[in-house]
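Q: Can you read through this structure? Questions will come right after.
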Amino acid sequence: MPELYAATLLDIRDRLARGEVSAEAATRSCLERIHATEPVVHALITVREEALNEAKAMDAAGVDPAKPLWGVPVTVKDALATKGTRTTAASRILENFVPFYDAFAVEKLRQAGAILLGKANMDEFAMGSSTENSAFGPTANPRDPSAVPGGSSGGSAASVAAMQCFASLGTDTGGSIRQPAALCGCVGLKPTYGAVSRYGLLAYGSSLDQIGPLARTVSDAALMFSVIAGHDPRDTTSEPRPPLAADFVKRIAEKTDLSGMTIGIPEEFARADGLDPAVAAVCENARKTAENLGAKLVSVSLPHATRHAIAAYYIVAMAEASSNLARYDGVRYGRRAEHAADLGELYTRSRTEGFGAEVQRRILLGTYVLSAGYYDAYYRKAAEVRRLVRRDYLEALDKCDVMLAPVSPVPAWKHGAMTDDPLKMYLMDIFTVSLNLAGLPGVSLPMGVAGRLPVGMQIIGRDFDEEGILGAAHALERAVGALSLPNV
Amino acid sequence: MLTHEDMTHLSQLARLAPDKATLEKFSAQCDDILKYMDVLAEVDTSGIEPLYSPVRHTASSRPDISAKHCRREEVLANAPKTDGRFFVVPRIV
């Protein structure tokens, strides 16, 4: 009998609902797995041992079949506010911050009966692609601990891949869900901008950030999304939309072929600099698999979605970050420098002591691109290019139903390989940032291996067509089967 | 090219004070990054309206009525220094 923690989310959910497994047993299994794997993986900043008592209380109250995640242990990226549980954004400046409210997505998980096991490690304020920029130390890739898990939701991806939990929530500003999912061999969904409320998300790039699930299967990710999606008046960018269909998850699970579907292949991505041959080979196989499943493949063009998108993305993200992070001043919450002579010194020293190097670098660049004399050349220009990126996508999606593209140009790299070269690290995001500029949804799923490391592909779709991309992903996942991947 | 003076000025605007060695390192790295941003100059954006947010709907406003979402002690609980009623900062005037 395999360990409980190795089950899929849908499986454990059904067994919990039928009373075959207690919430306590599921939680205990995950906590034991956390204790066994954390010394190597370090996926979590905070482990909630009290989850076990919460599970016991749920068992005592009895199964609630109306709750779609009743008794299911999950983790959440430490960028999401959790009432009564420390929320750090992996920053020294928030080392002891304990929110008095839940983020919308966390509230939804709790209402659905999920059990919060811990807060996942990340790059500080989600700024990074390797989870090495954490004030609490780096996370290791469960498939090969000498490699990074990707980022910035690297703790979430590693915690799912290491089977510490059945699913996690991450945030995706420029690929931060899809890329770590790809590098750790799990499924990650970046929903359409506006599909999930950002209330309670510690803001980085507000016009780019979106919360989404990481899980071990497409159906599991679909279930998590169905729980957290929905309108919330507390986030003015949350889209007022009717609720998802009641059989949303079932419809996705029923999608087993791609007949009648046209899939666009962005031609610029194949020509992009630095595409690893092993990743290119997985792309080629994925295209063949899609054809074998009945899809019609067409070439599409996204002329602004690679080099120009990287430049536009980093300008927009840094500009928004410099503004969003102005709130950390050592007055109302967070770290305060000792013995400051006046208020100005209090602000400056609290921020300098509290923020890590990458955060300071991005704040400085964001300040620069927004300053008088440079605003038009950088920020406005980036926003104009952003319009063109979205236009490219919409025109391409007129010719196809979804698009199939690589996620990361390379498999997971070794720790420390790029930490001294921020620009090189930024270029790792070449296939992911354009989607955030455009606001469109994308799902990353494992489609092959490069040696012992997983390689992921992403399915990109139209605004709010999460059902379409998850359905296509489900068909591909079924065709590819379980990948032979090592684990800690 | 970002000079040391530029970087010092930016740091002041951003309320940061990295030490001299860090600032020099930042300066070189920021220079590389800004040079990369020059690829945007290749794109003809004349007549293109900037896109600042992908939001599709018009944000609705709520009635301008004060609402109480939290208690004072909750808000003060994370503050580095309070007198039990207010945030306390170094003397300003």
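Scheme for the structure tokens: letters A, B, ... for chains in order shown; per-chain residue numbers from 1; ligand numbers from 1 in order shown.
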Would you list the contacts of segment 65-75 of chain B as a PyMOL selection string, taking every protein, DNA or RNA residue within 12 Å and counting only C-alpha atoms, but skipping same-chain residues closer than 6 positions in sequence?
A: (chain A and resi 83-84+97-101+234+331-333) or (chain B and resi 81-87)
Q: For chain A versus chain B, which residues have an atom no more than 6 Å away, and what is each residue's nearest atom pair and distance in Å rounded to one decimal, using only C-alpha atoms, chain-then-number order, as a tab-separated table?
A:
```
residue	atom	partner	partner_atom	distance
A:Ser207	CA	B:Ser53	CA	5.2
A:Thr236	CA	B:Ala59	CA	5.6
A:His308	CA	B:Leu40	CA	5.8
A:Ala311	CA	B:Met37	CA	4.9
A:Arg332	CA	B:Ala79	CA	4.7
A:Tyr333	CA	B:Ala79	CA	4.3
A:Asp342	CA	B:Pro90	CA	5.4
A:Leu343	CA	B:Pro90	CA	5.7
A:Thr348	CA	B:Arg15	CA	4.6
A:Thr352	CA	B:Leu16	CA	5.2
A:Ala383	CA	B:Pro50	CA	4.6
A:Glu384	CA	B:Pro50	CA	4.0
A:Arg386	CA	B:Leu51	CA	5.9
A:Arg387	CA	B:Leu51	CA	5.0
A:Leu423	CA	B:Ile33	CA	5.8
A:Gly439	CA	B:Pro54	CA	5.4
```
Q: Can I get the selection written as a CSV table (one decimal), in the first residue's frame, with C-alpha atoms?
A:
```
chain,number,residue,atom,x,y,z
A,207,SER,CA,-0.8,44.7,-13.3
A,236,THR,CA,-10.9,46.2,-8.2
A,308,HIS,CA,11.0,42.9,-26.6
A,311,ALA,CA,12.6,44.3,-21.8
A,332,ARG,CA,3.2,50.4,10.7
A,333,TYR,CA,4.5,46.8,10.3
A,342,ASP,CA,14.9,61.1,12.5
A,343,LEU,CA,12.0,59.8,10.4
A,348,THR,CA,16.1,54.5,4.8
A,352,THR,CA,18.2,49.0,3.5
A,383,ALA,CA,3.5,50.0,-22.0
A,384,GLU,CA,3.2,50.6,-25.7
A,386,ARG,CA,2.8,45.7,-24.0
A,387,ARG,CA,-0.1,46.6,-26.2
A,423,LEU,CA,20.4,39.9,-16.6
A,439,GLY,CA,-3.0,39.0,-19.1
```
Q: Using only C-alpha atoms, find the one residue out of A:Leu365, A:Met122, A:Ala377, A:Ile460 that sits nearest to Ala321 of chain A.
A: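 Closest residue, counting only C-alpha atoms: A:Leu365.
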Q: Residues within 12 Å of Arg251 of chain A, please, as a PDB file with C-alpha atoms, in the first residue's frame. Count only C-alpha atoms; anything in the same chain fewer than 3 positions from it doesn't count.
A:
```pdb
ATOM      1  CA  VAL A 218      -3.931  18.585 -14.423  1.00  0.00           C
ATOM      2  CA  SER A 219      -7.220  17.520 -12.790  1.00  0.00           C
ATOM      3  CA  ALA A 222      -8.304  22.245 -12.128  1.00  0.00           C
ATOM      4  CA  LEU A 223      -9.965  21.435  -8.801  1.00  0.00           C
ATOM      5  CA  LEU A 244     -17.389  28.299 -13.228  1.00  0.00           C
ATOM      6  CA  ALA A 245     -19.604  25.425 -14.384  1.00  0.00           C
ATOM      7  CA  ALA A 246     -20.449  22.989 -11.581  1.00  0.00           C
ATOM      8  CA  ASP A 247     -18.897  20.162 -13.620  1.00  0.00           C
ATOM      9  CA  PHE A 248     -15.744  22.177 -14.531  1.00  0.00           C
ATOM     10  CA  GLU A 254     -13.184  13.899 -19.830  1.00  0.00           C
ATOM     11  CA  LYS A 255     -10.997  15.569 -22.429  1.00  0.00           C
ATOM     12  CA  THR A 256      -8.911  12.695 -23.762  1.00  0.00           C
ATOM     13  CA  GLU A 466      -8.970  28.004 -18.384  1.00  0.00           C
ATOM     14  CA  GLU A 467     -11.266  25.143 -19.304  1.00  0.00           C
ATOM     15  CA  GLY A 468      -9.832  24.986 -22.830  1.00  0.00           C
ATOM     16  CA  ILE A 469      -6.173  24.997 -21.800  1.00  0.00           C
ATOM     17  CA  LEU A 470      -6.662  22.588 -18.897  1.00  0.00           C
ATOM     18  CA  GLY A 471      -8.647  20.243 -21.157  1.00  0.00           C
ATOM     19  CA  ALA A 472      -5.880  20.214 -23.772  1.00  0.00           C
ATOM     20  CA  HIS A 474      -5.288  16.800 -19.638  1.00  0.00           C
ATOM     21  CA  ALA A 475      -5.327  15.075 -23.024  1.00  0.00           C
TER      22      ALA A 475
END
```
Q: What lies within 7 Å of Asp463 of chain A using only C-alpha atoms, ignoring chain neighbours under 6 positions off, as a PyMOL selection string?
A: chain A and resi 192+440-441
Q: Name the residues of segment 2-91 of chain B that come out as helix (DSSP H, G or I) in a backbone DSSP run; write them as a ChimeraX atom specification.
A: /B:4-13,20-42,72-76
Q: Rounded to one decimal place, report the atom CA of Pro73 of chain A-atom CA of Ala55 of chain A distance in Å.
A: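 Going from atom CA of Pro73 of chain A over to atom CA of Ala55 of chain A covers 9.0 Å.
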Q: How would you write, as a VMD selection string, the set of residues in segment 203-331 of chain A that DSSP gives as strand (DSSP E or B)?
A: chain A and resid 211 to 215 230 262 to 266 296 to 300
Q: Any chance you can output those residues with C-alpha atoms as an mmCIF file, in the first residue's frame?
A:
```cif
data_model
loop_
_atom_site.group_PDB
_atom_site.id
_atom_site.type_symbol
_atom_site.label_atom_id
_atom_site.label_comp_id
_atom_site.auth_asym_id
_atom_site.auth_seq_id
_atom_site.Cartn_x
_atom_site.Cartn_y
_atom_site.Cartn_z
ATOM 1 C CA ILE A 211 -2.497 33.647 -8.035
ATOM 2 C CA GLY A 212 -2.800 30.049 -9.200
ATOM 3 C CA PRO A 213 -2.391 26.401 -8.230
ATOM 4 C CA LEU A 214 0.513 23.962 -8.460
ATOM 5 C CA ALA A 215 -0.366 20.272 -8.267
ATOM 6 C CA GLY A 230 -14.314 34.066 -8.451
ATOM 7 C CA THR A 262 -6.203 23.801 -33.748
ATOM 8 C CA ILE A 263 -2.971 24.367 -31.856
ATOM 9 C CA GLY A 264 -0.711 27.307 -32.653
ATOM 10 C CA ILE A 265 3.059 26.909 -32.507
ATOM 11 C CA PRO A 266 4.759 30.299 -31.980
ATOM 12 C CA LYS A 296 -4.248 20.395 -36.290
ATOM 13 C CA LEU A 297 -0.998 22.329 -35.835
ATOM 14 C CA VAL A 298 -0.509 25.771 -37.343
ATOM 15 C CA SER A 299 2.441 28.101 -37.182
ATOM 16 C CA VAL A 300 1.667 31.453 -35.538
#
```
Q: What does the distance from atom CA of Asn53 of chain A to atom CA of Ser22 of chain A come to in Å, to one decimal?
A: 12.4 Å
Q: Mind giving me the straight-line distance from atom CA of Leu370 of chain A to atom CA of Val385 of chain A in Å, one decimal?
A: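 These two atoms are separated by 16.3 Å.
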Q: Looking at only C-alpha atoms, which of A:Glu268, A:Ala66, A:Glu353, A:Val455 is the one that sits closest to Arg143 of chain A?
A: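 Selected residue with least distance to Arg143 of chain A: A:Val455.
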Q: Which residues are close to Ala203 of chain A, i.e. within 8 Å by only C-alpha atoms, leaving aside same-chain residues fewer than 6 positions away? Reply as number ranges by chain.
A: A: 125, 209, 321, 324-325
Q: Restricted to C-alpha atoms, what would the selected residues look like written as a CSV table (one decimal), in the first residue's frame?
A:
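Contents of the output file again-v4.csv:
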```
chain,number,residue,atom,x,y,z
A,125,PHE,CA,8.8,39.5,-2.9
A,209,ASP,CA,0.5,39.3,-10.6
A,321,ALA,CA,7.6,47.1,-7.6
A,324,ASN,CA,4.4,48.9,-4.3
A,325,LEU,CA,7.3,48.4,-2.0
```
Q: Near segment 32-34 of chain A, counting only C-alpha atoms, which residues have an atom at most 8 Å away, once you skip same-chain residues fewer than 6 positions from it, shown as a list in words?
A: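 Here the answer would be Tyr5, Met163 and Gln164 of chain A.
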Q: I need the residues from that last selection saved to file as a tab-separated table (two decimals), in the first residue's frame (with N, CA and C atoms), if you can.
A:
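In the end it all went to part12.tsv:
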```tsv
chain	number	residue	atom	x	y	z
A	5	TYR	N	0.60	10.17	1.41
A	5	TYR	CA	1.07	11.42	0.80
A	5	TYR	C	1.30	11.30	-0.70
A	163	MET	N	6.04	15.71	-2.56
A	163	MET	CA	4.86	15.07	-1.95
A	163	MET	C	4.69	15.43	-0.48
A	164	GLN	N	5.01	16.67	-0.16
A	164	GLN	CA	4.77	17.18	1.20
A	164	GLN	C	3.31	17.57	1.39
```
Q: I want to know what sits within 8 Å of Leu483 of chain A, based on only C-alpha atoms, with residues of the same chain fewer than 3 positions away left out; could you give that as a PyMOL selection string?
A: chain A and resi 446-449+480
Q: Which of these residues is nearest to Asn285 of chain A, using only C-alpha atoms: A:Ile12, A:Arg92, A:Thr131, A:Leu404?
A: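 Checking each candidate against Asn285 of chain A, we get A:Leu404 as the closest.
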